[in-house]
Every structure is written in structure tokens, then in C-alpha cells.
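Asker: Sharing query.txt, compact mmCIF, C-alpha atoms:
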```txt
# COMPACT_ATOMS: atom_id res chain seq x y z
CA MET A 1 -64.64 44.55 4.21
CA TYR A 2 -62.28 46.03 1.60
CA GLU A 3 -63.13 49.74 1.46
CA VAL A 4 -62.50 51.64 -1.78
CA ALA A 5 -62.83 55.40 -2.28
CA LEU A 6 -63.17 56.69 -5.83
CA CYS A 7 -62.70 60.46 -6.10
CA GLU A 8 -63.65 61.59 -9.61
CA ASP A 9 -65.59 64.68 -10.72
CA GLU A 10 -66.49 63.33 -14.18
CA GLU A 11 -69.51 61.07 -13.83
CA VAL A 12 -68.74 58.94 -16.89
CA PHE A 13 -65.30 58.01 -15.54
CA ALA A 14 -66.55 57.56 -11.97
CA SER A 15 -69.18 55.08 -13.16
CA ALA A 16 -66.74 53.21 -15.44
CA HIS A 17 -64.02 52.92 -12.80
CA LYS A 18 -66.49 51.77 -10.15
CA LYS A 19 -67.68 49.02 -12.49
CA ILE A 20 -64.11 47.88 -13.17
CA CYS A 21 -63.22 47.80 -9.46
CA HIS A 22 -66.39 45.87 -8.65
CA GLU A 23 -65.65 43.27 -11.34
CA ILE A 24 -62.06 42.82 -10.16
CA LEU A 25 -62.91 42.49 -6.47
CA SER A 26 -65.88 40.20 -7.13
CA LYS A 27 -63.74 37.81 -9.16
CA MET A 28 -61.20 37.83 -6.33
CA ASN A 29 -64.02 36.93 -3.88
CA ILE A 30 -63.28 40.01 -1.81
CA GLU A 31 -66.15 41.54 0.13
CA HIS A 32 -65.98 45.22 -0.74
CA ASN A 33 -67.64 48.59 -0.62
CA ILE A 34 -66.94 51.29 -3.21
CA THR A 35 -67.82 54.90 -2.40
CA ILE A 36 -67.78 57.60 -5.09
CA PHE A 37 -66.88 61.17 -4.18
CA LYS A 38 -67.52 63.92 -6.73
CA SER A 39 -64.94 66.31 -5.29
CA GLY A 40 -61.97 66.47 -2.97
CA ALA A 41 -64.02 68.49 -0.48
CA GLU A 42 -66.71 65.80 -0.39
CA PHE A 43 -64.08 63.15 0.29
CA LEU A 44 -62.45 65.18 3.08
CA SER A 45 -65.80 65.74 4.75
CA CYS A 46 -66.24 61.97 5.05
CA PHE A 47 -62.59 61.24 5.79
CA GLU A 48 -62.21 63.83 8.57
CA SER A 49 -65.64 64.28 10.15
CA GLU A 50 -66.66 60.61 10.03
CA SER A 51 -63.12 59.27 10.58
CA LYS A 52 -63.71 56.93 7.63
CA SER A 53 -60.76 54.75 6.64
CA PHE A 54 -60.11 53.18 3.24
CA ASP A 55 -57.91 50.36 2.00
CA LEU A 56 -57.65 51.82 -1.50
CA ILE A 57 -58.13 55.40 -2.71
CA LEU A 58 -58.40 56.15 -6.43
CA LEU A 59 -57.83 59.84 -7.10
CA ASP A 60 -58.26 61.93 -10.21
CA ILE A 61 -55.49 64.52 -10.05
CA ILE A 62 -57.21 67.27 -12.02
CA MET A 63 -60.47 68.23 -10.32
CA ASP A 64 -62.26 71.51 -9.71
CA GLY A 65 -61.37 72.96 -6.34
CA LEU A 66 -59.09 70.68 -4.33
CA SER A 67 -56.84 68.71 -6.69
CA GLY A 68 -56.12 65.02 -6.25
CA MET A 69 -52.50 65.76 -5.40
CA GLU A 70 -53.47 68.27 -2.69
CA LEU A 71 -55.98 65.78 -1.39
CA ALA A 72 -53.36 63.00 -1.24
CA LYS A 73 -51.03 65.22 0.79
CA THR A 74 -53.84 65.90 3.27
CA ILE A 75 -54.66 62.19 3.52
CA ARG A 76 -51.04 61.32 4.27
CA LYS A 77 -51.01 63.62 7.30
CA SER A 78 -53.20 61.14 9.16
CA ASP A 79 -53.16 57.94 7.11
CA SER A 80 -49.93 56.37 5.91
CA ASP A 81 -51.42 52.93 5.20
CA ALA A 82 -54.13 53.53 2.59
CA ALA A 83 -53.01 52.65 -0.94
CA ILE A 84 -53.34 55.66 -3.26
CA ILE A 85 -53.61 55.27 -7.02
CA PHE A 86 -53.80 58.34 -9.23
CA ILE A 87 -56.03 58.11 -12.28
CA THR A 88 -55.83 60.98 -14.75
CA SER A 89 -55.41 61.99 -18.36
CA SER A 90 -52.21 63.94 -17.70
CA ARG A 91 -48.74 62.74 -16.71
CA GLU A 92 -47.69 66.23 -15.63
CA TYR A 93 -47.72 65.36 -11.93
CA VAL A 94 -46.41 61.81 -12.10
CA PHE A 95 -43.23 62.48 -10.13
CA GLU A 96 -45.13 64.28 -7.37
CA GLY A 97 -46.91 61.00 -6.73
CA TYR A 98 -43.75 59.65 -5.11
CA ASP A 99 -43.96 62.39 -2.47
CA VAL A 100 -47.20 60.93 -1.12
CA GLY A 101 -46.21 57.28 -1.46
CA ALA A 102 -48.62 56.56 -4.31
CA LEU A 103 -48.95 52.90 -5.22
CA HIS A 104 -49.18 53.70 -8.92
CA TYR A 105 -50.22 56.20 -11.57
CA LEU A 106 -52.79 55.15 -14.19
CA THR A 107 -53.93 57.07 -17.24
CA LYS A 108 -57.47 57.12 -18.58
CA PRO A 109 -58.93 54.81 -19.78
CA VAL A 110 -57.83 52.49 -16.99
CA ASP A 111 -56.16 49.23 -17.93
CA LYS A 112 -58.20 46.59 -16.09
CA THR A 113 -55.34 44.07 -15.90
CA VAL A 114 -52.94 46.61 -14.44
CA LEU A 115 -55.48 47.71 -11.84
CA LYS A 116 -56.20 44.09 -10.92
CA ASN A 117 -52.49 43.45 -10.31
CA LEU A 118 -52.24 46.61 -8.18
CA ILE A 119 -55.20 45.55 -6.03
CA ARG A 120 -53.65 42.09 -5.60
CA LYS A 121 -50.35 43.72 -4.57
CA ASN A 122 -52.20 45.86 -2.04
CA CYS A 123 -53.94 42.78 -0.62
CA ASP A 124 -50.59 40.95 -0.43
CA ASP A 125 -49.07 43.87 1.46
CA LYS A 126 -52.01 43.97 3.88
CA LEU A 127 -51.64 40.24 4.56
CA LYS A 128 -47.94 40.66 5.39
CA LYS A 129 -48.70 43.51 7.78
CA THR A 130 -51.67 41.89 9.54
CA VAL A 131 -50.80 40.66 13.02
CA LEU A 132 -53.34 39.17 15.40
CA ILE A 133 -53.00 39.70 19.15
CA LEU A 134 -54.79 36.75 20.74
CA LYS A 135 -54.95 36.09 24.45
CA SER A 136 -54.42 32.61 25.85
CA GLY A 137 -54.50 32.34 29.61
CA GLU A 138 -52.60 35.32 30.98
CA LEU A 139 -50.48 35.81 27.87
CA ASN A 140 -51.02 37.78 24.68
CA HIS A 141 -49.69 36.10 21.56
CA ARG A 142 -48.69 37.83 18.32
CA ILE A 143 -49.62 35.77 15.28
CA SER A 144 -48.80 36.76 11.72
CA ALA A 145 -51.82 36.28 9.46
CA GLY A 146 -49.55 35.05 6.69
CA ASP A 147 -48.52 32.05 8.83
CA ILE A 148 -52.08 30.80 9.32
CA ILE A 149 -52.95 27.80 7.14
CA SER A 150 -56.41 26.96 8.46
CA LEU A 151 -58.79 27.51 11.35
CA GLU A 152 -61.16 25.07 13.02
CA THR A 153 -63.88 25.41 15.64
CA ILE A 154 -63.38 22.85 18.40
CA GLY A 155 -65.93 23.20 21.16
CA ARG A 156 -65.73 26.76 22.42
CA LYS A 157 -62.27 27.33 20.99
CA VAL A 158 -60.72 28.03 17.63
CA GLU A 159 -57.63 26.04 16.68
CA LEU A 160 -55.31 27.94 14.37
CA THR A 161 -52.98 25.73 12.36
CA LEU A 162 -49.82 27.68 11.59
CA LYS A 163 -46.83 26.74 9.46
CA ASN A 164 -44.90 25.37 12.43
CA LYS A 165 -47.38 24.97 15.30
CA THR A 166 -51.03 25.09 16.37
CA PHE A 167 -52.61 27.66 18.64
CA ASN A 168 -55.91 27.48 20.55
CA TRP A 169 -57.93 30.59 21.25
CA LYS A 170 -61.13 30.78 23.26
CA GLY A 171 -63.67 32.42 21.01
CA LYS A 172 -65.67 32.14 17.79
CA LEU A 173 -64.40 31.46 14.29
CA THR A 174 -66.41 34.39 12.93
CA ASP A 175 -64.61 36.76 15.32
CA VAL A 176 -61.16 35.62 14.15
CA LEU A 177 -62.17 35.91 10.50
CA LYS A 178 -63.17 39.54 11.04
CA MET A 179 -59.52 40.24 11.94
CA LEU A 180 -58.16 38.61 8.78
CA PRO A 181 -58.01 39.84 5.15
CA ASN A 182 -60.99 38.29 3.39
CA ALA A 183 -59.03 38.25 0.12
CA TYR A 184 -57.27 35.15 1.47
CA PHE A 185 -59.27 33.66 4.34
CA LEU A 186 -62.48 31.93 3.35
CA ARG A 187 -65.09 30.03 5.29
CA CYS A 188 -65.12 26.56 3.72
CA HIS A 189 -67.27 24.70 6.22
CA GLN A 190 -69.40 25.47 9.26
CA SER A 191 -66.42 24.64 11.45
CA PHE A 192 -63.48 25.48 9.15
CA ALA A 193 -61.84 28.38 7.33
CA ILE A 194 -58.79 28.24 5.10
CA ASN A 195 -56.01 30.45 3.73
CA ILE A 196 -56.24 29.96 -0.04
CA LEU A 197 -52.51 30.62 -0.44
CA TYR A 198 -51.78 27.26 1.22
CA ILE A 199 -54.17 25.17 -0.87
CA ARG A 200 -52.32 22.72 -3.11
CA GLU A 201 -55.27 20.72 -4.44
CA ILE A 202 -59.06 20.66 -4.23
CA THR A 203 -60.79 17.29 -4.48
CA ARG A 204 -64.54 16.67 -4.44
CA PHE A 205 -65.26 18.05 -0.98
CA GLU A 206 -61.92 18.81 0.65
CA ALA A 207 -58.81 20.91 0.20
CA ILE A 208 -55.33 19.49 0.59
CA VAL A 209 -53.05 22.13 2.05
CA GLU A 210 -49.29 22.60 2.09
CA ASN A 211 -48.69 20.59 5.28
CA GLY A 212 -50.67 17.61 3.91
CA ASN A 213 -53.78 18.18 6.03
CA LYS A 214 -57.17 17.69 4.42
CA ILE A 215 -59.66 20.45 5.16
CA PRO A 216 -63.35 19.68 4.55
CA ILE A 217 -65.33 21.89 2.17
CA SER A 218 -69.10 21.81 2.44
CA ARG A 219 -71.28 22.03 -0.65
CA MET A 220 -72.43 25.50 0.41
CA TYR A 221 -68.91 26.95 0.17
CA LEU A 222 -67.42 24.76 -2.57
CA LYS A 223 -67.92 27.15 -5.49
CA ASP A 224 -66.48 30.15 -3.61
CA VAL A 225 -63.38 28.19 -2.58
CA GLN A 226 -62.88 26.80 -6.09
CA ASN A 227 -63.19 30.25 -7.66
CA ALA A 228 -60.82 31.84 -5.15
CA PHE A 229 -58.26 29.07 -5.62
CA LEU A 230 -58.49 29.30 -9.43
CA HIS A 231 -58.04 33.07 -9.36
CA CYS A 232 -55.07 32.73 -7.03
CA MET A 233 -53.43 30.19 -9.35
CA GLN A 234 -54.06 32.33 -12.43
CA ASN A 235 -52.57 35.35 -10.70
CA ALA A 236 -49.49 33.32 -9.68
CA ASP A 237 -49.03 32.10 -13.27
CA GLY A 238 -49.36 35.63 -14.60
CA ASN A 239 -46.62 36.90 -12.30
CA ARG A 240 -44.04 34.28 -13.18
```
Will you turn the file into C-alpha cells for me?

Answerer:
Amino acid sequence: MYEVALCEDEEVFASAHKKICHEILSKMNIEHNITIFKSGAEFLSCFESESKSFDLILLDIIMDGLSGMELAKTIRKSDSDAAIIFITSSREYVFEGYDVGALHYLTKPVDKTVLKNLIRKNCDDKLKKTVLILKSGELNHRISAGDIISLETIGRKVELTLKNKTFNWKGKLTDVLKMLPNAYFLRCHQSFAINILYIREITRFEAIVENGNKIPISRMYLKDVQNAFLHCMQNADGNR
């Protein structure tokens, strides 16, 4: 689940930005949850007392009480991974954003295309950083999520097809998928999942991946896979 925090004390902007984020993430086929906080204090109460973590935090800089910049500095004391994007009507504090490792600085009204590209960049970064520690026999194996092309249930094991080898892990496909960024890894069949970045072509009911393998796609998952693949291709074209 891709967790988004939206800290904004003006209801009209909070509602508008939530709608934009939902549209972007839905089109990217990313399971997500967006939580609105009306003040910095309300956010901190959740962040500290409930130990809630977020993948993306959208902060209005100018708020009553605790400002977005002060809030970002507090967040960074315990969380260096969450992507922070400032959204405000003033550029006065733009250079301070670098002190807290902000991903970007957007002015109101938010440009939907820019925000979409920032979310995609954040997802790309998460994919590169995601490493699975899977046990096989007496050994623990480190597997980079970005190297996984597809996954298949075979008996009581899951076979992971990587760029240069295969790896078998005793467990369930659903358990492995929970460890992987759902922006890229999709269930395409009862027994298969696929990394959309490696899809080269989708035929009637199968995907042809980079290594030439053909991965079956059941009717139930066909539309989701097609939409995710199309969005991925459009994003790649837009970044050329």
C-alpha cells in the first residue's frame, strides 16, 4: 500500500490535492491510501504516537501553528526515506527545502503532470532501494526487486525469474508480493505475477517479457495489466 499524507489547513486545497493524487495513483494502478491532516500538530500526533510511516508527504509550508518547514525538520529526525513535497503559494522558503531533502517544491494550483512525474520518480527510487531477504535452506539471499522479471507458484514454492538466474523460495506468492512495490509488480494470473517494466508485448492472453518468456494473463487480470503497461509506456515516452 502506497501511503500518502496530505497536510493542508485550507479545506478547498486539501480536497483538490487529494483528488489529484487519487487520480494519478489510480491510473498508475497503485493501491494507495491518502490521509488528510488539517494541521502540523495533527500530523505529528499520528506520526509519533501511532508510529505511522508514509511513502509521500505533501506539506503546505504556511499553516497556523507548526509550519510545514518546521514539520519537515521534525519528520527528518526519524524518517529519512519518506518523499516530501512542499505545496504552497509562496516561494519564500524554497531554498530551505534542500535542508530537509525535499523531493520538490510545487506552487498552488498544483500542476497535475508535474506531480505525476514526481510520484513516478518516487516509485522508481523505492524500486531501486527494495531488497528482499529470502531464506533458502540455511542461507539468506539478498534479491534486488528491480532484477525480478516474474514470479510463479510451483507447488508450495515460488519461483522468481531474475535477469540472470532463477530462485526458488518456499512460501506463497501473495507473501512475496507484499514485499514488493505494487506500482510495478502485478498479479496477472492465479499462479503468476509480473514486473511491468520487463513487458515488451502483450498478446491476447499472455505477456512477452524481456528474456523472451511468455507469461500467462488470465481474463480477470487482463485489463489491469494492459492499463499498467500502457501507462508505463506513456511515461517512458514522455521522459525521452

Asker: For range 144-147 of chain A, work out the shell of residues within 10 Å, counting all atoms listed in the file and skipping chain neighbours fewer than 4 positions away, then give it as a count of residues only.

Answerer: 23

Asker: I'd like the contact shell of Asn168 in chain A - 12 Å cut-off, only C-alpha atoms, skipping same-chain residues fewer than 4 positions apart - returned as a list in words.

Answerer: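 Within the cut-off, the hits are Leu134, Lys135, Ser136, Gly137, His141, Ile143, Leu151, Glu152, Thr153, Ile154, Gly155, Arg156, Lys157, Val158, Glu159, Leu160, Thr161, Leu162, Lys172, Leu173 and Val176 of chain A.
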
Asker: Convert the current residue selection to file output with C-alpha atoms, as a PDB file, in the frame of the given file.

Answerer:
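This is the output file part18.pdb:
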```
ATOM      1  CA  LEU A 134     -54.790  36.750  20.740  1.00  0.00           C
ATOM      2  CA  LYS A 135     -54.950  36.090  24.450  1.00  0.00           C
ATOM      3  CA  SER A 136     -54.420  32.610  25.850  1.00  0.00           C
ATOM      4  CA  GLY A 137     -54.500  32.340  29.610  1.00  0.00           C
ATOM      5  CA  HIS A 141     -49.690  36.100  21.560  1.00  0.00           C
ATOM      6  CA  ILE A 143     -49.620  35.770  15.280  1.00  0.00           C
ATOM      7  CA  LEU A 151     -58.790  27.510  11.350  1.00  0.00           C
ATOM      8  CA  GLU A 152     -61.160  25.070  13.020  1.00  0.00           C
ATOM      9  CA  THR A 153     -63.880  25.410  15.640  1.00  0.00           C
ATOM     10  CA  ILE A 154     -63.380  22.850  18.400  1.00  0.00           C
ATOM     11  CA  GLY A 155     -65.930  23.200  21.160  1.00  0.00           C
ATOM     12  CA  ARG A 156     -65.730  26.760  22.420  1.00  0.00           C
ATOM     13  CA  LYS A 157     -62.270  27.330  20.990  1.00  0.00           C
ATOM     14  CA  VAL A 158     -60.720  28.030  17.630  1.00  0.00           C
ATOM     15  CA  GLU A 159     -57.630  26.040  16.680  1.00  0.00           C
ATOM     16  CA  LEU A 160     -55.310  27.940  14.370  1.00  0.00           C
ATOM     17  CA  THR A 161     -52.980  25.730  12.360  1.00  0.00           C
ATOM     18  CA  LEU A 162     -49.820  27.680  11.590  1.00  0.00           C
ATOM     19  CA  LYS A 172     -65.670  32.140  17.790  1.00  0.00           C
ATOM     20  CA  LEU A 173     -64.400  31.460  14.290  1.00  0.00           C
ATOM     21  CA  VAL A 176     -61.160  35.620  14.150  1.00  0.00           C
TER      22      VAL A 176
END
```

Asker: Using all atoms listed in the file, find each residue in range 9-94 of chain A having at least one atom no more than 12 Å away from range 226-229 of chain A; report its shortest atom-to-atom pair and that distance in Å (one decimal), rows by chain then rising number, as a Markdown table.

Answerer:
```
| residue | atom | partner | partner_atom | distance |
| --- | --- | --- | --- | --- |
| A:Leu25 | CA | A:Ala228 | CA | 10.9 |
| A:Ser26 | CA | A:Ala228 | CA | 10.0 |
| A:Lys27 | CA | A:Asn227 | CA | 7.7 |
| A:Met28 | CA | A:Ala228 | CA | 6.1 |
| A:Asn29 | CA | A:Ala228 | CA | 6.1 |
| A:Ile30 | CA | A:Ala228 | CA | 9.2 |
```

Asker: Could you write out that same residue set with C-alpha atoms as a PDB file, in the frame of the given file?

Answerer:
```pdb
ATOM      1  CA  LEU A  25     -62.910  42.490  -6.470  1.00  0.00           C
ATOM      2  CA  SER A  26     -65.880  40.200  -7.130  1.00  0.00           C
ATOM      3  CA  LYS A  27     -63.740  37.810  -9.160  1.00  0.00           C
ATOM      4  CA  MET A  28     -61.200  37.830  -6.330  1.00  0.00           C
ATOM      5  CA  ASN A  29     -64.020  36.930  -3.880  1.00  0.00           C
ATOM      6  CA  ILE A  30     -63.280  40.010  -1.810  1.00  0.00           C
TER       7      ILE A  30
END
```

Asker: To one decimal place, how far is CA of Met1 in chain A from CA of Leu59 in chain A in Å?

Answerer: 20.2 Å

Asker: May I ask which of the residues A:Ile20, A:Val12, A:Ile84, A:Ile202 is the closest one to Thr113 in chain A, counting all atoms listed in the file?

Answerer: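 Using all atoms listed in the file, Thr113 in chain A sits closest to A:Ile20.
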
Asker: Quick check, in Å to one decimal: how far apart do CA of Ser39 in chain A and CA of Glu3 in chain A lie?

Answerer: 18.0 Å

Asker: If we count only C-alpha atoms and set the cut-off at 12 Å, which residues sit around Ile36 in chain A, ignoring sequence neighbours fewer than 5 positions away in its own chain? Please answer as an NGL selection string.

Answerer: :A and (3-19 or 21 or 42-43 or 46 or 57-60)

Asker: What separation in Å, quoted to one decimal, exists between CA of Tyr105 in chain A and CA of Lys121 in chain A?

Answerer: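 Taking CA of Tyr105 in chain A and CA of Lys121 in chain A, their separation equals 14.3 Å.
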
Asker: Which is closer to His189 in chain A than all the others in A:Lys112, A:Arg219, A:Lys38, A:Lys214, using all atoms listed in the file?

Answerer: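 The shortest atom-to-atom distance to His189 in chain A comes from A:Arg219.
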
Asker: Smallest atom-to-atom distance to Leu66 in chain A: which of A:Ile194, A:Ala41, A:Leu222, A:Val209, using all atoms listed in the file?

Answerer: A:Ala41

Asker: Pick out the closest residue to Leu118 in chain A from this set: A:Asn213, A:Leu56, A:Thr74, A:Ile61. Count all atoms listed in the file.

Answerer: A:Leu56

Asker: Of the residues A:Arg142, A:Arg76, A:Arg204, A:Lys178, which is the one nearest to Glu31 in chain A, using only C-alpha atoms?

Answerer: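 Among the listed residues, the smallest separation from Glu31 in chain A belongs to A:Lys178.
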
Asker: My list of candidates is A:Gly65, A:Tyr2, A:Ile24, A:Ile196. Which is closest to Ile208 in chain A when distances are computed with all atoms listed in the file?

Answerer: A:Ile196
